[in-house]
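A.B. asks: First the structure, then my questions, so here it is.
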Amino acid sequence: MPANETTAFGAVGGADAVRALIDRFYDLMDLEPAYAGIRALHPSSLDGSRDKLYMFLSGWLGGPDLYQQRFGHPRLRARHLPYAIGIAERDQWMACMEQAMQECGLDTALQERLAAAFANTADWMRNKGG
Ligand code: HEM
């Protein structure tokens, strides 16, 4: 799909740019002590997590709905129930994504728009107090 500015997928820069964002997100999760809390919830290899988040975000940003085609309805909240997610985990996820967007050089207004949308979804994943 060519980069099409009318979707967030296009505004980010298309498939390769979305993949680069996800790769940076999980690289940072691996590298930065500040994200060790959420890193510990993930499997030792992040390869599957990278693929799934890429496929999901492709559709969520208005590009090809790869996740749904492969796995059906995301049921995102239900799929996160095995992991204890509170305010600290939500905030680490957001900080990691915001750092990845910054380092990938996304346009500032786009970063803000996406951060607001991510924040809603991340908050909805909370399944424990604190
Ligand atoms: C709020 C903090 C969050 C934490 C701590 C968290 C953590 C996790 C963990 C541990 C997994 C399992 C990884 C694996 O099986 O490889 C996962 C899967 C996933 N997460 Fe999150 N997540 C959070 C928020 C989000 C948000 C905001 C999104 C979307 C915008 C998202 C999208 C996904 C997707 C698509 C999967 C794969 C689901 C599957 O098919 O099993 N997550 N997450």
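Numbering starts fresh at 1 for the residues of each chain in the structure tokens, the chains themselves are lettered A, B, ... in the order given, and ligands are numbered from 1 as they appear.
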Do you know which residues are at most 9 Å from A:Leu53 counting only C-alpha atoms, after dropping those on the same chain fewer than 5 positions away, and could you put them as a ChimeraX atom specification?
C.D. replies: /A:22,48,58,67
A.B. asks: Would you mind listing what lies within 9 Å of A:Ala119 as a list in words, with only C-alpha atoms counted and same-chain residues fewer than 3 positions away left out?
C.D. replies: Arg90, Asp91, Met94, Leu114, Ala115, Ala116, Ala122, Asp123 and Trp124 of chain A
A.B. asks: Write to file, as a short mmCIF file (atom, residue, chain, number, x, y, z; two decimals), in the first residue's frame, the residues of the selection just made, with all heavy atoms.
C.D. replies:
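Saved the output as result_27.cif:
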```
data_model
loop_
_atom_site.label_atom_id
_atom_site.label_comp_id
_atom_site.auth_asym_id
_atom_site.auth_seq_id
_atom_site.Cartn_x
_atom_site.Cartn_y
_atom_site.Cartn_z
N ARG A 90 0.86 0.60 32.66
CA ARG A 90 0.28 1.46 31.61
C ARG A 90 1.24 2.62 31.30
O ARG A 90 1.51 2.92 30.13
CB ARG A 90 -1.06 2.02 32.10
CG ARG A 90 -1.69 3.02 31.15
CD ARG A 90 -2.71 3.89 31.84
NE ARG A 90 -2.09 4.80 32.81
CZ ARG A 90 -2.77 5.57 33.66
NH1 ARG A 90 -4.09 5.53 33.68
NH2 ARG A 90 -2.13 6.36 34.50
N ASP A 91 1.75 3.24 32.34
CA ASP A 91 2.62 4.40 32.13
C ASP A 91 3.95 4.00 31.48
O ASP A 91 4.49 4.75 30.66
CB ASP A 91 2.85 5.14 33.46
CG ASP A 91 1.58 5.84 33.95
OD1 ASP A 91 0.61 5.92 33.17
OD2 ASP A 91 1.57 6.31 35.10
N MET A 94 3.24 3.46 27.77
CA MET A 94 3.10 4.75 27.09
C MET A 94 4.45 5.45 26.91
O MET A 94 4.74 5.98 25.84
CB MET A 94 2.15 5.66 27.88
CG MET A 94 0.67 5.35 27.71
SD MET A 94 0.11 5.42 25.99
CE MET A 94 0.56 7.10 25.53
N LEU A 114 -1.32 10.43 18.14
CA LEU A 114 -1.23 8.99 18.40
C LEU A 114 -1.12 8.71 19.89
O LEU A 114 -1.72 7.75 20.38
CB LEU A 114 -0.04 8.39 17.65
CG LEU A 114 -0.17 8.35 16.13
CD1 LEU A 114 1.09 7.75 15.50
CD2 LEU A 114 -1.39 7.56 15.69
N ALA A 115 -0.35 9.54 20.61
CA ALA A 115 -0.20 9.31 22.05
C ALA A 115 -1.56 9.37 22.74
O ALA A 115 -1.85 8.56 23.62
CB ALA A 115 0.76 10.33 22.65
N ALA A 116 -2.41 10.30 22.33
CA ALA A 116 -3.74 10.41 22.94
C ALA A 116 -4.57 9.15 22.66
O ALA A 116 -5.25 8.63 23.55
CB ALA A 116 -4.46 11.65 22.42
N ALA A 122 -4.35 1.99 26.23
CA ALA A 122 -3.50 1.49 27.31
C ALA A 122 -4.25 1.54 28.65
O ALA A 122 -4.15 0.63 29.46
CB ALA A 122 -2.21 2.30 27.38
N ASP A 123 -5.02 2.60 28.85
CA ASP A 123 -5.76 2.72 30.11
C ASP A 123 -6.82 1.63 30.23
O ASP A 123 -7.07 1.09 31.30
CB ASP A 123 -6.39 4.10 30.22
CG ASP A 123 -6.90 4.35 31.63
OD1 ASP A 123 -6.10 4.26 32.57
OD2 ASP A 123 -8.11 4.61 31.79
N TRP A 124 -7.40 1.27 29.11
CA TRP A 124 -8.46 0.28 29.04
C TRP A 124 -7.89 -1.13 29.37
O TRP A 124 -8.61 -2.03 29.77
CB TRP A 124 -9.05 0.34 27.63
CG TRP A 124 -10.15 -0.59 27.30
CD1 TRP A 124 -11.33 -0.76 27.98
CD2 TRP A 124 -10.21 -1.46 26.16
NE1 TRP A 124 -12.10 -1.68 27.33
CE2 TRP A 124 -11.45 -2.13 26.22
CE3 TRP A 124 -9.33 -1.72 25.11
CZ2 TRP A 124 -11.82 -3.06 25.26
CZ3 TRP A 124 -9.71 -2.64 24.15
CH2 TRP A 124 -10.94 -3.30 24.22
#
```
A.B. asks: For ligand 1, list the contacting residues at 6 Å or closer, counting only C-alpha atoms and all ligand atoms, as a ChimeraX atom specification.
C.D. replies: /A:38,41-43,48-49,52-53,56,79-80,83,85,89-90,93,118,121-122,125
A.B. asks: Here is a test: counting only C-alpha atoms, which residue of A:Asp107, A:Arg113, A:Ala88, A:Met97 is nearest to A:Lys128?
C.D. replies: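 For A:Lys128, the nearest of the given residues is A:Ala88.
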A.B. asks: Please determine, counting only C-alpha atoms, which residue among A:Cys104, A:Ala109, A:Ile87, A:Met29 has the shortest atom-to-atom distance to A:Leu46.
C.D. replies: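 Closest to A:Leu46 of all the choices is A:Met29.
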A.B. asks: If you count only C-alpha atoms, which residues fall within 8 Å of A:Asn127, apart from same-chain ones fewer than 6 positions away, as an MDAnalysis selection string?
C.D. replies: chainID A and resid 81 84:86
A.B. asks: From the options A:Leu57, A:Thr108, A:Ala17, A:Ala95, which residue's atoms come nearest to A:Leu76, counting only C-alpha atoms?
C.D. replies: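 Of A:Leu57, A:Thr108, A:Ala17, A:Ala95, the one nearest A:Leu76 is A:Leu57, counting only C-alpha atoms.
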